[in-house]
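Asks: Shown below is the structure under consideration.
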Amino acid sequence: MSAVINSDKIPNNVDLASDKKLGRALEAWQPRFLDWWREMGPEGFQEDLVYLRTAVSVDTDGWAHFDYTKMPDYRWGIFLTDRVDDRRIGFGDLMGEPVWQTVPGEHRNALRRLIVTQGDTEPASVEQQRRLGLVCPSAYDLRNLFQVNVEEGRHLWAMVYLLHAHFGKDGREEAEGLLERRSGNSDKPRILGAFNEPCNHWLSFYMFTYFTDRDGKYQLLALSESGFDPLARTTKFMLTEEAHHMFVGETGVGRILERSCELMRKNPSEDARAEGGIDLPTIQKYVNLWYSVSLDLFGGEISSNAASYFAAGLKGRAHEDRYPDHRALEQSLTLDVPGEGLALVKQDVALRNAMNEVLRGEYVEDSQRGLDRWNKILEKAGQSFRLRLPSTRFHRAGGIYAGHHFDPEGRPVTREEWERRSGEWLPTAADEAYVKSLMQTPIYEPGKMAHWIAPPAKGIKGMPIDFEYVKRQA
Amino acid sequence: MAASDKDTPAPIVRFDTEPSRYRHWQLTTEGPLARLAMKVDDTAPFRPGYALKLNSYDLGVDIELADAVTRLRFEHPEVRCVVVTSALPSCFCAGANIYMLGSSSHDFKVNFCKFTNETRLALEEAGDRSGQRYVAALNGVASGGGYELALACHAIYLQDDGSSAVSFPETPLLAVLPGTGGLTRLVDKRKVRRDLADVFSTLAEGVRGKRAKDWGLVDDVFPKSRFDGEVNKRALALAEALPAKKGPGVKLPPVAVERRDEGGKSRAEYRHVSLVVDRAKRVAELTLRGPADEPATSAEAFRERGVDNWAFALFRELDAALLDLRFNCPEVGLIVARTAGEPERVRAHDRALLALAETDWLAHEVVLHMARVLKRFELSARSIFATLEPGSCFAGSLFEVALLADRSYMLDAEGGPRIGLSPANVGPLRMANGLTRLETRFLATPARVAALAGEADLLDAAGAAERGLVTFTPDDIDWEDDVRIAVEERASLSPDALTGMEANLRFAGPETMETKIFARLSAWQNWIFQRPNATGPRGALTMYGRPERPEFDWRRT
Ligand SMILES: [Fe+2]
Ligand SMILES: [Fe+2]
């Protein structure tokens, strides 16, 4: 195993050259991936030179190498963090046993499902975002979008590597399936709900990268604890890339807030919309939407699957080493469960069965931290409005709250009230139309920004903001 | 589930329902098509303690399905194809509720599975013999009992959307079997190759899309956007290939019954049936009363009488009494069956009904119903004695009750009882093995069956004994003691050994899918349900949904 990424046809640090069979399988998959990228990747920018980060080694500085690349020439490859000697399973019933380097038969199906479910989200987000380039607010943002897209493509590679290397014919078929499903297509939808939601303007894109990519972060953290070592090492490396996606989301929303505050100051009645910006209540509605659909991605609050994944050492908690007890057999978690009528009743759930909820709890805290920074922007601008995360019960399509209605504070409401008021809480068709109306024409000119968003604090990799991040060839 | 759950007495089970009271199914009809959509109310389990998530079912859900299947036959003759589907998104049916199974007593589980099986067979029979075919439209995941329900349908269509799958997760997840006919139908009915069936039955997540079709697990797959249309087209084609039926349906009112307790016995009094349960003696006395009227001889008159036609009414009541006994009186070990009435009247009704059944769908349907009820009787895990006394009417269709009994006692006395055969005994009321009860009784001497078919006269005890139609014929001096001692002796033997012994002896002759399903349910599934690997303190069924993993005793038995 090496930190250096070789320059084979498929860049990798897993010594693909010595595993002829696997190499051939992946080489056969590569052209299909490229076909998929051309068909479903960013529309209209495949020939352009984009200032992208590419991994040349998995060392701390090696994976952040910047240069101009045409997206289809991006060095998609297979990178795992280095193997830790004598690594042991860190949680569950098999705690302390050596980790597996090959798939144990007993857990084959469960592991395959975990990998396929994670893998499916990667190309899905590329598909969801494929038209955003055509209405970008700046060349800087366009480059960030493409950086996110190529890295999601690489995450797909990472999961496909595991499927090809460890799951035989089934794995290869699943890898094909990852290229066949399509986000939002009701005949062959992506597996998880949030990845079939339309993401067709930049406010949604920033919210997606802030909230939905953050789900990815927590799933990857939990999988990086896995007793199946190749999965742990693959997901660890993916986390380094994921951090940038959330940066794009957080700074994107932050810049909109900054601009909206500026526009409000200009207007006698502090009306951002009247000044061609996005008003704060609308931004709150998009927070409500993307946060709630992302919460669903963690799975049911009470889950026997989650318990068996934990028991078997397949999927742990984020930063498992920070927990005092890794068997999680004695404790329980108290949940508010919908009861008769509009009541909520307390229910103790065995901790292992509540592992999804434990992970979701960490996610909620992490989400709040960025929200606090957004509110600092509002505070600095002298605005009294504050963004808030809605209750985890709000607008849920999965888990114990699905099928019930709650307001953003988490109070149960009747269906009638929900229908009457959901337009106050979630973007309406009119909100969507308004936001999209702001983003009709793309801005490619270096340094120039769309009217509704402030420029970033600084450029990429020490480059100025007006650097030519994307060289248009058309 | 806590052990204490198993000790709480099960609620009284009642089977009367009708579509406006369904909580779990939506039944709609349109021309020759009916749509039976499952939408289980997860807050309405049959008894408290579990939620019916993901269209999982329990006895309450199944009672409604059984009711719908029966009503479709009698009330909706215009329906020739029934599409069974789900009204929940992305989930067809998750099978029997695991928490319900985990917290049920063994006898309840067995009775539940048996009832489920009977409904599935009735649904299959509706397609084969009533011109009413069922089609499964799997618009989501069909796992375990959900796929078993689909297997009972004439055709299975699966939505191809990347997530809808068929699966049997019982063995890999719960260490039990898809025991309500699933494994048997897989290889026997659908003729799925056994190695593929082996792979399928150990793959918890199941099989989707094209592979499900290639393996023969489903008949076809369609993308979501075309699914409803394609299924509808096929359902309509199936319906149109079947002949239309003449005449309107007959509405099924609830079966009326009066219950009362009298001196340690509980009595259920129906119009033509009485059931008296002596809980202390663990004996039930069942009396079936023969017709008091003349039979209807035209289709119009038959339809006019509807559910009041003697045979229809009696067998509906008998069905209700048998289910009551099965679910609500688990300690009763012996059923003593009697009849009261005129043997010639029974035979006259049989002849009229069977003549009508050749051309009239309703009469035909009543005959099929009688056959199903007799099979349900035979599948009771209870000893059955028939006692033929003066004033009884064990003739024709009612003589089937004497034939299905484990043994019969007929009084040999002046003015004693007489029995007689009718066309009902030589064809229409077949057992699960495909034979008539006479054929099964005389497996060694088929010629006797043919000879008996020509027997027009009523027979007294000597005549019946000579022809091998009854077991014992005590005279009036011995009668009382003989019968009393036989009853007491029977009630003292091990209930488990008796159930096994009777099941072995009752179903001689050839195997059919039906006999295989019930035999394997009784033998394998019930055995596995008792084994520590499933239901012991660390068994997979016990541990399901709990934080710890199951532990197995690895010795093969
Ligand atoms: Fe990703
Ligand atoms: Fe990401």
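By order in the structure tokens, chains are A, B, ...; within a chain, residues start at 1; ligands start at 1, following the order shown.
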Please return as an MDAnalysis selection string the residues found within 7 Å of ligand 1, counting only C-alpha atoms and all ligand atoms.
Replies: chainID A and resid 122 151:152 155 213 216 242
Asks: Which of range 253-468 of chain A end up as strand (DSSP E) when DSSP is run on this backbone - answer as an MDAnalysis selection string?
Replies: chainID A and resid 332:338 344:350
Asks: Could you state the separation of CA of Asp496 in chain B and CA of Arg382 in chain B in Å, given to one decimal place?
Replies: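 Going from CA of Asp496 in chain B over to CA of Arg382 in chain B, I get 9.9 Å.
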Asks: Residues of chain A within 9 Å of chain B, using only C-alpha atoms, as an mmCIF file with all heavy atoms, in the first residue's frame?
Replies:
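The resulting iface.cif:
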```cif
data_model
loop_
_atom_site.group_PDB
_atom_site.id
_atom_site.type_symbol
_atom_site.label_atom_id
_atom_site.label_comp_id
_atom_site.auth_asym_id
_atom_site.auth_seq_id
_atom_site.Cartn_x
_atom_site.Cartn_y
_atom_site.Cartn_z
ATOM 1 N N ASP A 93 -20.598 -6.724 19.083
ATOM 2 C CA ASP A 93 -20.373 -8.017 19.727
ATOM 3 C C ASP A 93 -18.974 -8.574 19.474
ATOM 4 O O ASP A 93 -18.505 -9.435 20.204
ATOM 5 C CB ASP A 93 -21.395 -9.048 19.206
ATOM 6 C CG ASP A 93 -22.803 -8.717 19.665
ATOM 7 O OD1 ASP A 93 -22.933 -7.918 20.613
ATOM 8 O OD2 ASP A 93 -23.764 -9.251 19.076
ATOM 9 N N ASN A 109 -24.384 -9.817 2.481
ATOM 10 C CA ASN A 109 -25.532 -9.092 1.950
ATOM 11 C C ASN A 109 -25.708 -7.739 2.626
ATOM 12 O O ASN A 109 -26.024 -6.748 1.971
ATOM 13 C CB ASN A 109 -26.803 -9.921 2.105
ATOM 14 C CG ASN A 109 -26.775 -11.128 1.185
ATOM 15 O OD1 ASN A 109 -26.161 -11.076 0.120
ATOM 16 N ND2 ASN A 109 -27.398 -12.208 1.598
ATOM 17 N N ALA A 110 -25.494 -7.713 3.945
ATOM 18 C CA ALA A 110 -25.667 -6.451 4.663
ATOM 19 C C ALA A 110 -24.626 -5.437 4.198
ATOM 20 O O ALA A 110 -24.944 -4.264 3.948
ATOM 21 C CB ALA A 110 -25.550 -6.685 6.163
ATOM 22 N N ARG A 113 -25.443 -4.105 0.781
ATOM 23 C CA ARG A 113 -26.536 -3.138 0.838
ATOM 24 C C ARG A 113 -26.029 -1.776 1.322
ATOM 25 O O ARG A 113 -26.356 -0.741 0.772
ATOM 26 C CB ARG A 113 -27.633 -3.697 1.756
ATOM 27 C CG ARG A 113 -28.912 -2.979 1.807
ATOM 28 C CD ARG A 113 -29.982 -3.238 0.746
ATOM 29 N NE ARG A 113 -29.614 -3.764 -0.547
ATOM 30 C CZ ARG A 113 -29.773 -3.117 -1.704
ATOM 31 N NH1 ARG A 113 -30.279 -1.922 -1.737
ATOM 32 N NH2 ARG A 113 -29.470 -3.675 -2.848
ATOM 33 N N GLY A 177 -25.803 -1.204 -11.907
ATOM 34 C CA GLY A 177 -27.047 -0.585 -11.453
ATOM 35 C C GLY A 177 -26.831 0.852 -11.001
ATOM 36 O O GLY A 177 -27.685 1.712 -11.192
ATOM 37 N N ARG A 181 -29.615 3.690 -12.568
ATOM 38 C CA ARG A 181 -30.670 4.468 -11.921
ATOM 39 C C ARG A 181 -30.466 5.939 -12.234
ATOM 40 O O ARG A 181 -29.377 6.367 -12.558
ATOM 41 C CB ARG A 181 -30.656 4.218 -10.413
ATOM 42 C CG ARG A 181 -31.180 2.836 -10.040
ATOM 43 C CD ARG A 181 -31.264 2.652 -8.537
ATOM 44 N NE ARG A 181 -29.966 2.449 -7.928
ATOM 45 C CZ ARG A 181 -29.354 1.261 -7.814
ATOM 46 N NH1 ARG A 181 -29.942 0.180 -8.260
ATOM 47 N NH2 ARG A 181 -28.169 1.180 -7.250
ATOM 48 N N SER A 186 -39.066 8.270 -12.112
ATOM 49 C CA SER A 186 -39.917 7.401 -11.296
ATOM 50 C C SER A 186 -39.778 5.931 -11.704
ATOM 51 O O SER A 186 -40.082 5.038 -10.936
ATOM 52 C CB SER A 186 -41.369 7.844 -11.357
ATOM 53 O OG SER A 186 -41.874 7.554 -12.637
ATOM 54 N N ASP A 187 -39.307 5.653 -12.909
ATOM 55 C CA ASP A 187 -39.129 4.266 -13.322
ATOM 56 C C ASP A 187 -37.861 3.642 -12.783
ATOM 57 O O ASP A 187 -37.780 2.435 -12.611
ATOM 58 C CB ASP A 187 -39.134 4.150 -14.842
ATOM 59 C CG ASP A 187 -40.545 4.200 -15.380
ATOM 60 O OD1 ASP A 187 -41.477 4.066 -14.566
ATOM 61 O OD2 ASP A 187 -40.705 4.385 -16.588
ATOM 62 N N LYS A 188 -36.834 4.443 -12.600
ATOM 63 C CA LYS A 188 -35.580 3.897 -12.036
ATOM 64 C C LYS A 188 -34.970 4.939 -11.112
ATOM 65 O O LYS A 188 -33.902 5.478 -11.380
ATOM 66 C CB LYS A 188 -34.626 3.459 -13.137
ATOM 67 C CG LYS A 188 -34.649 4.348 -14.366
ATOM 68 C CD LYS A 188 -33.749 3.837 -15.464
ATOM 69 C CE LYS A 188 -33.768 4.834 -16.632
ATOM 70 N NZ LYS A 188 -32.871 4.507 -17.694
ATOM 71 N N PRO A 189 -35.678 5.230 -10.028
ATOM 72 C CA PRO A 189 -35.218 6.299 -9.146
ATOM 73 C C PRO A 189 -33.968 5.891 -8.376
ATOM 74 O O PRO A 189 -33.663 4.715 -8.248
ATOM 75 C CB PRO A 189 -36.401 6.465 -8.180
ATOM 76 C CG PRO A 189 -37.049 5.133 -8.145
ATOM 77 C CD PRO A 189 -36.874 4.561 -9.530
ATOM 78 N N ARG A 190 -33.279 6.883 -7.879
ATOM 79 C CA ARG A 190 -32.213 6.637 -6.921
ATOM 80 C C ARG A 190 -32.840 6.082 -5.645
ATOM 81 O O ARG A 190 -34.034 6.275 -5.385
ATOM 82 C CB ARG A 190 -31.444 7.929 -6.664
ATOM 83 C CG ARG A 190 -30.635 8.397 -7.883
ATOM 84 C CD ARG A 190 -29.526 7.411 -8.191
ATOM 85 N NE ARG A 190 -28.835 7.689 -9.460
ATOM 86 C CZ ARG A 190 -27.831 6.928 -9.914
ATOM 87 N NH1 ARG A 190 -27.441 5.859 -9.224
ATOM 88 N NH2 ARG A 190 -27.243 7.201 -11.055
ATOM 89 N N ILE A 191 -32.022 5.422 -4.833
ATOM 90 C CA ILE A 191 -32.585 4.646 -3.724
ATOM 91 C C ILE A 191 -33.211 5.531 -2.649
ATOM 92 O O ILE A 191 -34.287 5.237 -2.133
ATOM 93 C CB ILE A 191 -31.498 3.731 -3.115
ATOM 94 C CG1 ILE A 191 -31.049 2.696 -4.152
ATOM 95 C CG2 ILE A 191 -32.022 3.022 -1.857
ATOM 96 C CD1 ILE A 191 -29.822 1.887 -3.744
ATOM 97 N N ILE A 302 -36.192 3.909 15.177
ATOM 98 C CA ILE A 302 -36.097 2.610 15.839
ATOM 99 C C ILE A 302 -35.860 1.598 14.730
ATOM 100 O O ILE A 302 -36.715 1.411 13.871
ATOM 101 C CB ILE A 302 -37.403 2.286 16.587
ATOM 102 C CG1 ILE A 302 -37.750 3.444 17.538
ATOM 103 C CG2 ILE A 302 -37.279 0.974 17.351
ATOM 104 C CD1 ILE A 302 -39.144 3.358 18.122
ATOM 105 N N SER A 303 -34.696 0.994 14.718
ATOM 106 C CA SER A 303 -34.339 0.200 13.546
ATOM 107 C C SER A 303 -33.609 -1.070 13.947
ATOM 108 O O SER A 303 -32.567 -1.028 14.593
ATOM 109 C CB SER A 303 -33.466 1.052 12.613
ATOM 110 O OG SER A 303 -32.786 0.223 11.709
ATOM 111 N N SER A 304 -34.183 -2.208 13.536
ATOM 112 C CA SER A 304 -33.497 -3.463 13.838
ATOM 113 C C SER A 304 -32.287 -3.634 12.922
ATOM 114 O O SER A 304 -31.306 -4.267 13.296
ATOM 115 C CB SER A 304 -34.453 -4.650 13.701
ATOM 116 O OG SER A 304 -35.142 -4.587 12.498
ATOM 117 N N ASN A 305 -32.342 -3.035 11.721
ATOM 118 C CA ASN A 305 -31.165 -3.069 10.852
ATOM 119 C C ASN A 305 -29.995 -2.359 11.506
ATOM 120 O O ASN A 305 -28.875 -2.847 11.516
ATOM 121 C CB ASN A 305 -31.462 -2.383 9.522
ATOM 122 C CG ASN A 305 -32.082 -3.341 8.525
ATOM 123 O OD1 ASN A 305 -32.053 -4.547 8.720
ATOM 124 N ND2 ASN A 305 -32.660 -2.797 7.471
ATOM 125 N N ALA A 306 -30.274 -1.161 12.028
ATOM 126 C CA ALA A 306 -29.204 -0.392 12.657
ATOM 127 C C ALA A 306 -28.596 -1.196 13.798
ATOM 128 O O ALA A 306 -27.375 -1.232 13.970
ATOM 129 C CB ALA A 306 -29.752 0.945 13.163
ATOM 130 N N ALA A 307 -29.465 -1.874 14.572
ATOM 131 C CA ALA A 307 -28.964 -2.672 15.695
ATOM 132 C C ALA A 307 -28.081 -3.799 15.191
ATOM 133 O O ALA A 307 -27.013 -4.066 15.748
ATOM 134 C CB ALA A 307 -30.137 -3.232 16.495
ATOM 135 N N SER A 308 -28.507 -4.460 14.104
ATOM 136 C CA SER A 308 -27.697 -5.608 13.682
ATOM 137 C C SER A 308 -26.409 -5.137 12.996
ATOM 138 O O SER A 308 -25.385 -5.792 13.113
ATOM 139 C CB SER A 308 -28.508 -6.588 12.832
ATOM 140 O OG SER A 308 -28.919 -5.987 11.662
ATOM 141 N N PHE A 310 -24.700 -2.595 13.946
ATOM 142 C CA PHE A 310 -23.805 -2.244 15.049
ATOM 143 C C PHE A 310 -23.305 -3.515 15.731
ATOM 144 O O PHE A 310 -22.112 -3.670 15.986
ATOM 145 C CB PHE A 310 -24.514 -1.335 16.055
ATOM 146 C CG PHE A 310 -23.596 -0.764 17.092
ATOM 147 C CD1 PHE A 310 -22.934 0.442 16.871
ATOM 148 C CD2 PHE A 310 -23.364 -1.440 18.284
ATOM 149 C CE1 PHE A 310 -22.066 0.963 17.814
ATOM 150 C CE2 PHE A 310 -22.489 -0.928 19.238
ATOM 151 C CZ PHE A 310 -21.841 0.277 19.002
ATOM 152 N N ALA A 311 -24.235 -4.427 16.017
ATOM 153 C CA ALA A 311 -23.867 -5.665 16.715
ATOM 154 C C ALA A 311 -22.793 -6.418 15.935
ATOM 155 O O ALA A 311 -21.842 -6.939 16.509
ATOM 156 C CB ALA A 311 -25.103 -6.537 16.899
ATOM 157 N N ALA A 312 -22.935 -6.426 14.606
ATOM 158 C CA ALA A 312 -22.024 -7.221 13.777
ATOM 159 C C ALA A 312 -20.719 -6.493 13.477
ATOM 160 O O ALA A 312 -19.843 -7.047 12.833
ATOM 161 C CB ALA A 312 -22.726 -7.595 12.476
ATOM 162 N N ALA A 328 -22.606 -0.896 23.804
ATOM 163 C CA ALA A 328 -23.920 -0.244 23.739
ATOM 164 C C ALA A 328 -25.054 -1.217 24.020
ATOM 165 O O ALA A 328 -26.092 -1.190 23.358
ATOM 166 C CB ALA A 328 -24.105 0.435 22.370
ATOM 167 N N LEU A 329 -24.848 -2.094 24.949
ATOM 168 C CA LEU A 329 -25.890 -3.088 25.255
ATOM 169 C C LEU A 329 -26.790 -2.666 26.408
ATOM 170 O O LEU A 329 -27.955 -3.039 26.459
ATOM 171 C CB LEU A 329 -25.231 -4.427 25.610
ATOM 172 C CG LEU A 329 -25.087 -5.393 24.446
ATOM 173 C CD1 LEU A 329 -24.398 -6.659 24.902
ATOM 174 C CD2 LEU A 329 -26.448 -5.726 23.830
ATOM 175 N N GLU A 340 -51.656 8.257 20.623
ATOM 176 C CA GLU A 340 -53.042 8.483 20.212
ATOM 177 C C GLU A 340 -53.232 9.942 19.821
ATOM 178 O O GLU A 340 -52.725 10.846 20.489
ATOM 179 C CB GLU A 340 -53.990 8.154 21.364
ATOM 180 C CG GLU A 340 -54.133 6.673 21.662
ATOM 181 C CD GLU A 340 -54.904 5.931 20.583
ATOM 182 O OE1 GLU A 340 -56.034 6.371 20.267
ATOM 183 O OE2 GLU A 340 -54.363 4.942 20.041
ATOM 184 N N ALA A 350 -33.835 0.509 23.123
ATOM 185 C CA ALA A 350 -32.484 -0.033 23.334
ATOM 186 C C ALA A 350 -31.513 0.733 22.446
ATOM 187 O O ALA A 350 -31.796 0.977 21.266
ATOM 188 C CB ALA A 350 -32.463 -1.521 23.003
ATOM 189 N N LEU A 351 -30.375 1.112 23.004
ATOM 190 C CA LEU A 351 -29.469 2.008 22.286
ATOM 191 C C LEU A 351 -29.093 1.488 20.899
ATOM 192 O O LEU A 351 -29.040 2.252 19.936
ATOM 193 C CB LEU A 351 -28.209 2.243 23.140
ATOM 194 C CG LEU A 351 -27.265 3.321 22.611
ATOM 195 C CD1 LEU A 351 -27.977 4.664 22.474
ATOM 196 C CD2 LEU A 351 -26.051 3.458 23.516
ATOM 197 N N ARG A 352 -28.838 0.190 20.805
ATOM 198 C CA ARG A 352 -28.438 -0.332 19.491
ATOM 199 C C ARG A 352 -29.533 -0.117 18.445
ATOM 200 O O ARG A 352 -29.236 0.155 17.287
ATOM 201 C CB ARG A 352 -28.110 -1.825 19.593
ATOM 202 C CG ARG A 352 -26.747 -2.089 20.199
ATOM 203 C CD ARG A 352 -26.432 -3.556 20.109
ATOM 204 N NE ARG A 352 -25.115 -3.833 20.674
ATOM 205 C CZ ARG A 352 -24.552 -5.035 20.657
ATOM 206 N NH1 ARG A 352 -25.197 -6.060 20.117
ATOM 207 N NH2 ARG A 352 -23.358 -5.217 21.170
ATOM 208 N N ASN A 353 -30.784 -0.250 18.864
ATOM 209 C CA ASN A 353 -31.878 -0.046 17.914
ATOM 210 C C ASN A 353 -32.055 1.426 17.578
ATOM 211 O O ASN A 353 -32.759 1.772 16.645
ATOM 212 C CB ASN A 353 -33.181 -0.596 18.481
ATOM 213 C CG ASN A 353 -33.145 -2.100 18.611
ATOM 214 O OD1 ASN A 353 -32.345 -2.622 19.380
ATOM 215 N ND2 ASN A 353 -33.962 -2.791 17.853
#
```
Asks: From the set B:Asp478, B:Leu183, B:Leu368, B:Cys153, which residue has the shortest atom-to-atom contact distance to Gly427 in chain B, counting only C-alpha atoms?
Replies: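 Selected residue with least distance to Gly427 in chain B: B:Leu368.
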Asks: Residues near Leu314 in chain B, anyone? I mean within 7 Å using only C-alpha atoms, not counting same-chain ones fewer than 4 positions away, as a PDB file with N, CA and C atoms, in the first residue's frame.
Replies:
```
ATOM      1  N   HIS B 272     -79.151 -23.765  12.221  1.00  0.00           N
ATOM      2  CA  HIS B 272     -79.081 -25.193  11.892  1.00  0.00           C
ATOM      3  C   HIS B 272     -77.978 -25.919  12.655  1.00  0.00           C
ATOM      4  N   VAL B 273     -77.239 -25.202  13.451  1.00  0.00           N
ATOM      5  CA  VAL B 273     -76.066 -25.784  14.114  1.00  0.00           C
ATOM      6  C   VAL B 273     -76.083 -25.425  15.587  1.00  0.00           C
ATOM      7  N   TRP B 310     -80.958 -24.206   2.639  1.00  0.00           N
ATOM      8  CA  TRP B 310     -80.506 -24.971   3.806  1.00  0.00           C
ATOM      9  C   TRP B 310     -78.998 -25.241   3.825  1.00  0.00           C
ATOM     10  N   LEU B 318     -71.698 -23.805  10.179  1.00  0.00           N
ATOM     11  CA  LEU B 318     -70.705 -24.796  10.587  1.00  0.00           C
ATOM     12  C   LEU B 318     -69.303 -24.181  10.523  1.00  0.00           C
TER      13      LEU B 318
END
```
Asks: Under the rule that only C-alpha atoms and all ligand atoms are counted, which of A:Gly370, A:Gly193, A:Gly96, A:Pro123 is the nearest residue to ligand 2?
Replies: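 That would be A:Pro123, the residue with the smallest distance to ligand 2.
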Asks: Return the single residue from B:Pro178, B:Gly229, B:Gly264, B:Gly509 that is closest to Gln525 in chain B, with distances computed using only C-alpha atoms.
Replies: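 For Gln525 in chain B, the nearest of the candidates is B:Pro178.
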Asks: Could you name the residues that touch Leu335 in chain A at 12 Å or less, counting only C-alpha atoms, but leaving out those on the same chain fewer than 5 positions away, as an MDAnalysis selection string?
Replies: chainID A and resid 300:302 344:351 353:354 357:358 361 392:393 399:401
Asks: Rounded to one decimal, what separation in Å do you get between CA of Ala268 in chain B and CA of Thr17 in chain B?
Replies: 18.7 Å
Asks: Rounded to one decimal in Å, what is the spacing between CA of Gly181 in chain B and CA of Ile156 in chain B?
Replies: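 If I compute the distance from CA of Gly181 in chain B to CA of Ile156 in chain B, I get 15.8 Å.
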Asks: Nearest to Phe529 in chain B: which of B:Ala301, B:Leu174, B:Ala66, B:Val141 is it, counting only C-alpha atoms?
Replies: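 That would be B:Leu174, the residue with the smallest distance to Phe529 in chain B.
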Asks: Env of Pro330 in chain B: 10 Å cut, atoms = only C-alpha atoms, seq-sep filter 3 positions within chain, self excluded. Answer as a PyMOL selection string.
Replies: chain B and resi 107-108+111+279+282+324-327+333+381-382
Asks: Quick one: write out the picked residues with C-alpha atoms as a PDB file, in the first residue's frame?
Replies:
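What landed in result25.pdb:
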```pdb
ATOM      1  CA  ASP B 107     -51.105 -22.798  19.321  1.00  0.00           C
ATOM      2  CA  PHE B 108     -52.188 -19.340  18.250  1.00  0.00           C
ATOM      3  CA  ASN B 111     -53.964 -21.617  14.015  1.00  0.00           C
ATOM      4  CA  ARG B 279     -64.605 -27.111  29.103  1.00  0.00           C
ATOM      5  CA  ARG B 282     -62.648 -30.838  27.010  1.00  0.00           C
ATOM      6  CA  ASP B 324     -64.878 -20.407  17.007  1.00  0.00           C
ATOM      7  CA  LEU B 325     -63.818 -23.783  18.331  1.00  0.00           C
ATOM      8  CA  ARG B 326     -60.402 -23.577  16.747  1.00  0.00           C
ATOM      9  CA  PHE B 327     -59.443 -20.132  18.038  1.00  0.00           C
ATOM     10  CA  GLY B 333     -59.695 -32.142  22.289  1.00  0.00           C
ATOM     11  CA  ALA B 381     -56.402 -30.487  15.187  1.00  0.00           C
ATOM     12  CA  ARG B 382     -59.117 -32.208  17.243  1.00  0.00           C
TER      13      ARG B 382
END
```
Asks: Tell me which protein, DNA and RNA residues are within 10 Å of Ala122 in chain B, counting only C-alpha atoms, leaving out same-chain ones fewer than 6 positions away, and put them as a PyMOL selection string.
Replies: chain B and resi 66+69-70+116+128-129+152+368-369+372
